[in-house]
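Below is input36.cif, which holds mmCIF, C-alpha atoms.
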```
data_start
loop_
_atom_site.group_PDB
_atom_site.id
_atom_site.type_symbol
_atom_site.label_atom_id
_atom_site.label_comp_id
_atom_site.auth_asym_id
_atom_site.auth_seq_id
_atom_site.Cartn_x
_atom_site.Cartn_y
_atom_site.Cartn_z
ATOM 1 C CA MET A 368 32.552 14.814 82.487
ATOM 2 C CA ALA A 369 33.690 11.671 84.153
ATOM 3 C CA ALA A 370 37.368 10.798 84.020
ATOM 4 C CA VAL A 371 38.283 8.027 81.657
ATOM 5 C CA SER A 372 41.155 5.695 82.303
ATOM 6 C CA LYS A 373 43.509 5.393 79.377
ATOM 7 C CA GLU A 374 45.214 2.254 80.658
ATOM 8 C CA PRO A 375 45.042 -0.402 77.923
ATOM 9 C CA ILE A 376 42.615 -3.269 78.508
ATOM 10 C CA GLU A 377 44.062 -6.779 77.828
ATOM 11 C CA VAL A 378 41.608 -9.044 75.985
ATOM 12 C CA SER A 379 42.790 -12.647 75.393
ATOM 13 C CA THR A 380 41.435 -15.176 72.897
ATOM 14 C CA GLN A 381 42.423 -18.028 75.297
ATOM 15 C CA ASP A 382 43.259 -18.314 78.971
ATOM 16 C CA PRO A 383 46.103 -15.993 79.990
ATOM 17 C CA VAL A 384 49.621 -17.407 79.804
ATOM 18 C CA PRO A 385 51.359 -17.760 83.194
ATOM 19 C CA SER A 386 53.831 -15.014 83.951
ATOM 20 C CA SER A 387 56.746 -17.430 84.181
ATOM 21 C CA THR A 388 58.952 -17.796 81.128
ATOM 22 C CA PRO A 389 57.571 -20.532 78.813
ATOM 23 C CA SER A 390 59.670 -23.503 77.836
ATOM 24 C CA SER A 391 60.780 -24.040 74.268
ATOM 25 C CA ASN A 392 57.833 -26.406 73.726
ATOM 26 C CA SER A 393 55.144 -24.009 75.014
ATOM 27 C CA SER A 394 53.121 -21.471 73.037
ATOM 28 C CA THR A 395 52.633 -17.783 73.753
ATOM 29 C CA THR A 396 48.933 -16.926 73.828
ATOM 30 C CA PRO A 397 48.014 -14.256 71.249
ATOM 31 C CA ALA A 398 46.569 -11.115 72.913
ATOM 32 C CA ILE A 399 44.713 -8.039 71.663
ATOM 33 C CA SER A 400 45.462 -4.669 73.301
ATOM 34 C CA VAL A 401 42.594 -2.183 73.171
ATOM 35 C CA SER A 402 42.506 1.481 74.326
ATOM 36 C CA SER A 403 39.008 2.762 74.834
ATOM 37 C CA ILE A 404 37.500 6.192 75.484
ATOM 38 C CA GLN A 405 33.807 6.234 76.252
ATOM 39 C CA GLY A 406 33.410 2.789 74.698
ATOM 40 C CA LYS A 407 35.100 3.785 71.407
ATOM 41 C CA THR A 408 38.073 1.856 70.175
ATOM 42 C CA ILE A 409 40.953 4.160 69.320
ATOM 43 C CA LYS A 410 43.768 1.630 69.009
ATOM 44 C CA ALA A 411 44.039 -2.134 68.579
ATOM 45 C CA THR A 412 47.170 -4.211 68.242
ATOM 46 C CA GLN A 413 47.751 -8.025 68.271
ATOM 47 C CA ALA A 414 50.781 -9.528 69.909
ATOM 48 C CA LYS A 415 52.679 -11.934 67.642
ATOM 49 C CA SER A 416 55.176 -14.669 68.264
ATOM 50 C CA SER A 417 56.980 -16.063 65.271
ATOM 51 C CA SER A 418 59.376 -18.277 67.218
ATOM 52 C CA VAL A 419 56.854 -20.766 68.683
ATOM 53 C CA ALA A 420 55.087 -23.462 66.634
ATOM 54 C CA PRO A 421 51.307 -23.749 67.071
ATOM 55 C CA LEU A 422 49.976 -26.405 69.437
ATOM 56 C CA LYS A 423 48.631 -29.639 68.063
ATOM 57 C CA THR A 424 44.898 -29.960 68.367
ATOM 58 C CA ALA A 425 43.354 -32.736 70.392
ATOM 59 C CA SER A 426 42.097 -34.452 67.244
ATOM 60 C CA THR A 427 45.622 -34.496 65.793
ATOM 61 C CA VAL A 428 47.032 -36.135 68.940
ATOM 62 C CA VAL A 429 44.334 -38.823 69.023
ATOM 63 C CA LEU A 430 44.862 -39.601 65.346
ATOM 64 C CA SER A 431 48.586 -40.019 65.882
ATOM 65 C CA LYS A 432 48.007 -42.473 68.730
ATOM 66 C CA SER A 433 45.508 -44.420 66.657
ATOM 67 C CA LYS A 434 47.972 -44.804 63.819
ATOM 68 C CA ARG A 435 50.694 -46.027 66.156
ATOM 69 C CA SER A 436 48.475 -48.610 67.844
ATOM 70 C CA ASN A 437 47.497 -50.223 64.525
ATOM 71 C CA THR A 438 50.974 -50.373 63.084
ATOM 72 C CA LYS A 439 53.204 -53.458 63.191
ATOM 73 C CA SER A 440 56.609 -53.084 61.671
ATOM 74 C CA GLY A 441 57.226 -55.187 58.606
ATOM 75 C CA ASN A 442 54.111 -57.068 57.639
ATOM 76 C CA GLY A 443 51.018 -55.179 58.798
ATOM 77 C CA THR A 444 48.737 -55.681 61.786
ATOM 78 C CA ASP A 445 48.340 -58.853 63.834
ATOM 79 C CA VAL A 446 44.732 -59.053 62.680
ATOM 80 C CA ASP A 447 45.833 -58.833 59.044
ATOM 81 C CA ARG A 448 48.420 -61.591 59.520
ATOM 82 C CA LYS A 449 45.931 -63.945 61.156
ATOM 83 C CA LYS A 450 43.536 -63.364 58.271
ATOM 84 C CA VAL A 451 46.289 -64.173 55.783
ATOM 85 C CA ALA A 452 47.146 -67.310 57.780
ATOM 86 C CA ASN A 453 43.507 -68.417 57.773
ATOM 87 C CA ASP A 454 43.219 -67.878 54.010
ATOM 88 C CA LEU A 455 46.374 -69.946 53.445
ATOM 89 C CA LYS A 456 45.023 -72.654 55.748
ATOM 90 C CA GLU A 457 41.818 -72.882 53.727
ATOM 91 C CA GLN A 458 43.857 -73.251 50.538
ATOM 92 C CA GLY A 459 45.883 -75.993 52.226
ATOM 93 C CA ASN A 460 42.672 -77.767 53.268
ATOM 94 C CA SER A 461 41.541 -77.678 49.642
ATOM 95 C CA PHE A 462 44.782 -79.342 48.521
ATOM 96 C CA MET A 463 44.330 -82.003 51.224
ATOM 97 C CA GLN A 464 40.878 -82.850 49.879
ATOM 98 C CA LYS A 465 42.382 -83.236 46.402
ATOM 99 C CA GLY A 466 45.142 -85.528 47.682
ATOM 100 C CA LYS A 467 47.866 -82.980 46.888
ATOM 101 C CA TYR A 468 49.673 -83.384 50.172
ATOM 102 C CA SER A 469 52.992 -81.763 49.207
ATOM 103 C CA ASP A 470 51.148 -78.641 48.060
ATOM 104 C CA ALA A 471 49.156 -78.656 51.299
ATOM 105 C CA VAL A 472 52.410 -78.770 53.300
ATOM 106 C CA LYS A 473 53.656 -75.679 51.448
ATOM 107 C CA LEU A 474 50.450 -73.733 52.147
ATOM 108 C CA TYR A 475 50.376 -74.699 55.825
ATOM 109 C CA THR A 476 54.041 -73.705 56.131
ATOM 110 C CA ARG A 477 53.261 -70.242 54.746
ATOM 111 C CA ALA A 478 50.328 -69.985 57.148
ATOM 112 C CA ILE A 479 52.592 -70.892 60.080
ATOM 113 C CA ASP A 480 54.987 -68.118 59.033
ATOM 114 C CA GLU A 481 52.093 -65.671 59.491
ATOM 115 C CA ASP A 482 50.738 -67.210 62.707
ATOM 116 C CA PRO A 483 53.459 -69.295 64.400
ATOM 117 C CA GLU A 484 51.492 -69.702 67.636
ATOM 118 C CA SER A 485 48.591 -71.648 66.081
ATOM 119 C CA ALA A 486 48.281 -75.255 67.272
ATOM 120 C CA VAL A 487 45.681 -75.854 64.557
ATOM 121 C CA LEU A 488 48.120 -75.005 61.766
ATOM 122 C CA PHE A 489 50.800 -77.345 63.107
ATOM 123 C CA ALA A 490 48.225 -80.137 63.502
ATOM 124 C CA ASN A 491 47.048 -79.567 59.922
ATOM 125 C CA ARG A 492 50.584 -79.704 58.558
ATOM 126 C CA SER A 493 51.170 -82.841 60.630
ATOM 127 C CA ALA A 494 48.203 -84.434 58.834
ATOM 128 C CA ALA A 495 49.613 -83.408 55.456
ATOM 129 C CA PHE A 496 53.016 -84.911 56.280
ATOM 130 C CA PHE A 497 51.287 -88.075 57.530
ATOM 131 C CA ASN A 498 49.348 -88.542 54.302
ATOM 132 C CA ALA A 499 52.574 -87.965 52.369
ATOM 133 C CA LYS A 500 54.057 -90.827 54.477
ATOM 134 C CA GLN A 501 56.601 -88.492 56.079
ATOM 135 C CA TYR A 502 55.932 -89.864 59.535
ATOM 136 C CA GLN A 503 58.821 -88.272 61.428
ATOM 137 C CA ALA A 504 57.922 -84.799 60.131
ATOM 138 C CA SER A 505 54.300 -85.510 61.048
ATOM 139 C CA LEU A 506 55.364 -86.445 64.573
ATOM 140 C CA ASP A 507 57.479 -83.293 64.946
ATOM 141 C CA ASP A 508 54.556 -81.048 64.012
ATOM 142 C CA ALA A 509 52.160 -82.917 66.290
ATOM 143 C CA GLU A 510 54.510 -82.400 69.227
ATOM 144 C CA LYS A 511 54.829 -78.691 68.385
ATOM 145 C CA ALA A 512 51.031 -78.411 68.315
ATOM 146 C CA LEU A 513 50.889 -79.956 71.796
ATOM 147 C CA GLU A 514 53.447 -77.435 73.058
ATOM 148 C CA LEU A 515 51.037 -74.706 71.984
ATOM 149 C CA ASP A 516 47.875 -76.480 73.195
ATOM 150 C CA CYS A 517 48.415 -79.435 75.516
ATOM 151 C CA ALA A 518 44.756 -80.529 75.310
ATOM 152 C CA TRP A 519 44.245 -80.390 71.515
ATOM 153 C CA TRP A 520 42.798 -83.824 70.621
ATOM 154 C CA LYS A 521 43.795 -83.716 66.961
ATOM 155 C CA ALA A 522 47.425 -83.191 67.942
ATOM 156 C CA TYR A 523 47.307 -86.327 70.113
ATOM 157 C CA LYS A 524 45.736 -88.246 67.245
ATOM 158 C CA ARG A 525 48.463 -87.075 64.820
ATOM 159 C CA LYS A 526 51.164 -87.937 67.334
ATOM 160 C CA GLY A 527 49.763 -91.393 68.081
ATOM 161 C CA MET A 528 49.289 -92.359 64.437
ATOM 162 C CA SER A 529 52.731 -91.068 63.438
ATOM 163 C CA LEU A 530 54.372 -93.080 66.208
ATOM 164 C CA ALA A 531 52.418 -96.185 65.190
ATOM 165 C CA HIS A 532 53.611 -95.902 61.598
ATOM 166 C CA LEU A 533 57.150 -95.457 62.872
ATOM 167 C CA ARG A 534 56.431 -98.764 64.680
ATOM 168 C CA ARG A 535 56.964 -97.136 68.078
ATOM 169 C CA PHE A 536 53.838 -98.837 69.378
ATOM 170 C CA SER A 537 54.397 -98.315 73.117
ATOM 171 C CA ASP A 538 54.913 -94.580 72.595
ATOM 172 C CA ALA A 539 51.871 -94.440 70.303
ATOM 173 C CA LEU A 540 49.696 -96.123 72.925
ATOM 174 C CA ARG A 541 50.918 -93.647 75.543
ATOM 175 C CA ALA A 542 50.081 -90.708 73.253
ATOM 176 C CA PHE A 543 46.470 -91.870 72.839
ATOM 177 C CA GLU A 544 46.152 -92.512 76.570
ATOM 178 C CA GLU A 545 47.383 -88.984 77.353
ATOM 179 C CA GLY A 546 44.961 -87.543 74.823
ATOM 180 C CA LEU A 547 42.070 -89.381 76.471
ATOM 181 C CA GLU A 548 43.051 -87.939 79.844
ATOM 182 C CA PHE A 549 42.349 -84.469 78.438
ATOM 183 C CA ASN A 550 39.448 -85.638 76.245
ATOM 184 C CA PRO A 551 37.703 -88.525 78.068
ATOM 185 C CA GLY A 552 35.785 -90.860 75.789
ATOM 186 C CA HIS A 553 36.766 -89.080 72.566
ATOM 187 C CA GLU A 554 35.794 -91.381 69.691
ATOM 188 C CA ASP A 555 38.800 -90.749 67.421
ATOM 189 C CA LEU A 556 41.309 -91.164 70.265
ATOM 190 C CA THR A 557 39.570 -94.326 71.469
ATOM 191 C CA LYS A 558 39.691 -95.830 67.966
ATOM 192 C CA GLY A 559 43.335 -94.846 67.653
ATOM 193 C CA MET A 560 44.195 -96.597 70.899
ATOM 194 C CA GLU A 561 42.365 -99.760 69.780
ATOM 195 C CA PHE A 562 44.236 -99.652 66.475
ATOM 196 C CA VAL A 563 47.608 -99.468 68.230
ATOM 197 C CA LYS A 564 46.685 -102.340 70.548
ATOM 198 C CA ALA A 565 45.830 -104.434 67.475
ATOM 199 C CA CYS A 566 49.202 -103.528 65.947
ATOM 200 C CA ILE A 567 50.993 -104.587 69.119
ATOM 201 C CA ASP A 568 49.108 -107.897 69.125
ATOM 202 C CA GLN A 569 49.796 -108.587 65.455
ATOM 203 C CA SER A 570 53.459 -107.610 65.635
ATOM 204 C CA SER A 571 53.979 -110.064 68.475
ATOM 205 C CA HIS A 572 53.263 -112.910 66.016
ATOM 206 C CA LEU A 573 55.770 -111.772 63.413
ATOM 207 C CA TYR A 574 59.240 -113.116 62.760
ATOM 208 C CA VAL A 575 58.903 -116.306 64.781
ATOM 209 C CA PHE A 576 61.819 -118.617 63.979
ATOM 210 C CA PRO A 577 63.116 -121.843 65.498
ATOM 211 C CA ASN A 578 66.335 -121.501 67.451
ATOM 212 C CA ALA A 579 69.646 -121.682 65.583
ATOM 213 C CA LYS A 580 70.324 -125.328 66.447
ATOM 214 C CA MET A 581 66.910 -126.420 65.221
ATOM 215 C CA MET A 582 67.312 -124.369 62.048
ATOM 216 C CA GLN A 583 70.547 -126.205 61.218
ATOM 217 C CA ARG A 584 68.755 -129.526 61.461
ATOM 218 C CA LEU A 585 65.750 -128.320 59.422
ATOM 219 C CA ASP A 586 67.959 -126.899 56.662
ATOM 220 C CA GLY A 587 68.669 -130.478 55.603
ATOM 221 C CA LEU A 588 65.025 -130.903 54.528
ATOM 222 C CA PRO A 589 64.274 -130.455 50.805
ATOM 223 C CA VAL A 590 62.214 -127.323 50.126
ATOM 224 C CA PHE A 591 61.031 -125.967 46.761
ATOM 225 C CA ILE A 592 59.639 -122.667 45.567
ATOM 226 C CA VAL A 593 58.227 -121.609 42.198
ATOM 227 C CA ALA A 594 60.195 -118.605 40.928
ATOM 228 C CA ASP A 595 60.610 -116.407 37.864
ATOM 229 C CA ALA A 596 63.677 -116.220 35.599
ATOM 230 C CA ALA A 597 65.520 -114.121 38.208
ATOM 231 C CA SER A 598 64.753 -116.747 40.901
ATOM 232 C CA GLN A 599 62.313 -114.388 42.650
ATOM 233 C CA PRO A 600 59.420 -116.357 44.132
ATOM 234 C CA PHE A 601 55.855 -116.127 42.851
ATOM 235 C CA PHE A 602 53.180 -115.029 45.295
ATOM 236 C CA VAL A 603 49.843 -116.796 45.328
ATOM 237 C CA THR A 604 46.887 -114.402 45.709
ATOM 238 C CA TYR A 605 43.886 -115.888 47.459
ATOM 239 C CA GLU A 606 40.237 -114.841 47.256
ATOM 240 C CA ASP A 607 40.491 -112.630 50.364
ATOM 241 C CA GLY A 608 43.274 -110.635 48.659
ATOM 242 C CA GLN A 609 46.151 -112.024 50.716
ATOM 243 C CA GLN A 610 49.364 -112.746 48.869
ATOM 244 C CA ILE A 611 51.396 -115.655 50.140
ATOM 245 C CA CYS A 612 54.893 -116.778 49.254
ATOM 246 C CA THR A 613 54.382 -120.531 49.167
ATOM 247 C CA PHE A 614 57.117 -123.124 49.569
ATOM 248 C CA TYR A 615 56.749 -126.888 49.240
ATOM 249 C CA PHE A 616 58.293 -129.899 50.894
ATOM 250 C CA GLU A 617 57.050 -132.144 48.100
ATOM 251 C CA HIS A 618 58.406 -131.574 44.587
ATOM 252 C CA SER A 619 55.124 -132.754 43.067
ATOM 253 C CA GLU A 620 53.238 -129.954 44.828
ATOM 254 C CA ALA A 621 55.644 -127.380 43.370
ATOM 255 C CA VAL A 622 55.065 -128.894 39.904
ATOM 256 C CA SER A 623 51.310 -128.569 40.370
ATOM 257 C CA THR A 624 51.668 -124.855 41.217
ATOM 258 C CA LEU A 625 53.968 -124.287 38.248
ATOM 259 C CA GLU A 626 51.423 -125.822 35.843
ATOM 260 C CA TRP A 627 48.667 -123.678 37.348
ATOM 261 C CA ILE A 628 50.720 -120.491 36.839
ATOM 262 C CA ARG A 629 51.400 -121.394 33.189
ATOM 263 C CA GLU A 630 47.714 -121.991 32.625
ATOM 264 C CA GLU A 631 46.523 -118.790 34.345
ATOM 265 C CA ASN A 632 49.210 -116.495 32.915
ATOM 266 C CA PRO A 633 51.111 -118.028 29.974
ATOM 267 C CA ARG A 634 53.339 -114.973 29.583
ATOM 268 C CA MET A 635 54.616 -115.206 33.152
ATOM 269 C CA GLY A 636 54.526 -118.986 33.204
ATOM 270 C CA THR A 637 56.909 -119.251 30.226
ATOM 271 C CA ASN A 638 59.894 -118.264 32.392
ATOM 272 C CA ALA A 639 58.642 -119.795 35.646
ATOM 273 C CA LYS A 640 60.669 -122.571 37.206
ATOM 274 C CA ILE A 641 61.037 -124.673 40.341
ATOM 275 C CA VAL A 642 63.980 -123.709 42.573
ATOM 276 C CA PRO A 643 65.264 -125.780 45.522
ATOM 277 C CA VAL A 644 66.118 -123.654 48.577
ATOM 278 C CA SER A 645 67.054 -124.157 52.210
ATOM 279 C CA LEU A 646 64.282 -124.105 54.785
ATOM 280 C CA SER A 647 65.785 -121.044 56.507
ATOM 281 C CA HIS A 648 65.697 -119.169 53.176
ATOM 282 C CA ALA A 649 62.094 -120.201 52.625
ATOM 283 C CA LEU A 650 61.139 -119.057 56.127
ATOM 284 C CA HIS A 651 62.822 -115.712 55.581
ATOM 285 C CA LEU A 652 60.804 -115.256 52.388
ATOM 286 C CA ALA A 653 57.623 -116.042 54.304
ATOM 287 C CA GLN A 654 58.649 -113.613 57.040
ATOM 288 C CA GLU A 655 59.223 -110.828 54.536
ATOM 289 C CA THR A 656 55.828 -111.476 52.988
ATOM 290 C CA GLN A 657 54.161 -111.308 56.396
ATOM 291 C CA LYS A 658 56.028 -108.133 57.253
ATOM 292 C CA ASN A 659 55.013 -106.390 54.010
ATOM 293 C CA GLN A 660 51.392 -107.424 54.514
ATOM 294 C CA PHE A 661 51.442 -106.030 58.057
ATOM 295 C CA VAL A 662 52.908 -102.706 56.897
ATOM 296 C CA ASP A 663 50.306 -102.431 54.114
ATOM 297 C CA GLU A 664 47.495 -102.957 56.623
ATOM 298 C CA LEU A 665 49.074 -100.446 58.992
ATOM 299 C CA GLN A 666 49.286 -97.777 56.324
ATOM 300 C CA ALA A 667 45.835 -98.397 54.848
#
```
Have the structure of the file written as structure tokens, please.
Amino acid sequence: MAAVSKEPIEVSTQDPVPSSTPSSNSSTTPAISVSSIQGKTIKATQAKSSSVAPLKTASTVVLSKSKRSNTKSGNGTDVDRKKVANDLKEQGNSFMQKGKYSDAVKLYTRAIDEDPESAVLFANRSAAFFNAKQYQASLDDAEKALELDCAWWKAYKRKGMSLAHLRRFSDALRAFEEGLEFNPGHEDLTKGMEFVKACIDQSSHLYVFPNAKMMQRLDGLPVFIVADAASQPFFVTYEDGQQICTFYFEHSEAVSTLEWIREENPRMGTNAKIVPVSLSHALHLAQETQKNQFVDELQA
């Protein structure tokens, strides 16, 4: 009979553990000890280690990394926040179409809170402020949009139009010119520049008065206006829609206008009267009329 070794045979379920002492974070590999005589198992024991936690599987580690990469503290993922911002922007656009500009401002502001690096959102809110006649706020948002995107044509348009309505015509013209440098031949920017040039031309004809010495001499001339009970002048509306504050050097002409007012509108004409004024006062009334007409055209 052949001799049979009774030394135990070590059978491992994984690769053997190195002989060096494992660290506190390592795991002892379970082993099965088997004694065999002529191929028959006579004893089997399994080594145990209760002090070491089992290793994480590869799938567990990958899942943990995936969760961390999609997590943004506070308000969800960047993708989620951009989607929320876009939804709010669309709601703001809907309010703009309905003429509800204050509501649009609120929606665009909420969208900006979600996506503060969007030039489009600042340009949209600039448009809402502009339509609400808040021209300084419109300008501020347009400039912020250009900080985020220095070539964005709508931001240049918002900036130029806001400056024009603040009557900063030279700055407005420069804004449109800069926009055209980035967007050569752009139709909206070209029209905006032409509009500002027209404003500059028209404003140059406003508020033209004789010098002080000449005004003193002219103030001696008799001038009449037709006014209401509170001495506020009537404005004559012509067929083209222009309203003119008319003053007269001849009293008979003022009488003719007074009779016409009483005939056209008896209720208003009942309290109408002719008031003598100085020429400088009459010119100031005409100036104010011209100024208001210019502003109305500018804001149309």
Any idea what the distance is between atom CA of Asn491 of chain A and atom CA of Glu457 of chain A?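 Distance reported for this atom pair: 10.5 Å.
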Just give me the residues with any atom within 12 Å of (62.5, -128.4, 49.4), file coordinates, counting only C-alpha atoms, written as a PyMOL selection string. chain A and resi 585-593+613-621+641-650
Pick out the closest residue to Lys449 of chain A from this set: A:Ile479, A:Ala542, A:Ala597, A:Leu625. Count all atoms listed in the file.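 Using all atoms listed in the file, the shortest distance to Lys449 of chain A belongs to A:Ile479.
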Taking (53.6, -83.0, 68.2) in the file's coordinates, which residues come within 9 Å, counting only C-alpha atoms, written as a list in words?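 Neighbouring residues, ordered by chain and number, come to Phe489, Ala490, Ser493, Ser505, Leu506, Asp507, Asp508, Ala509, Glu510, Lys511, Ala512, Leu513, Glu514, Ala522, Tyr523, Arg525 and Lys526 of chain A.
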One-decimal distance in Å that lies between atom CA of Lys558 of chain A and atom CA of Ala539 of chain A: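 Atom CA of Lys558 of chain A lies 12.5 Å from atom CA of Ala539 of chain A.
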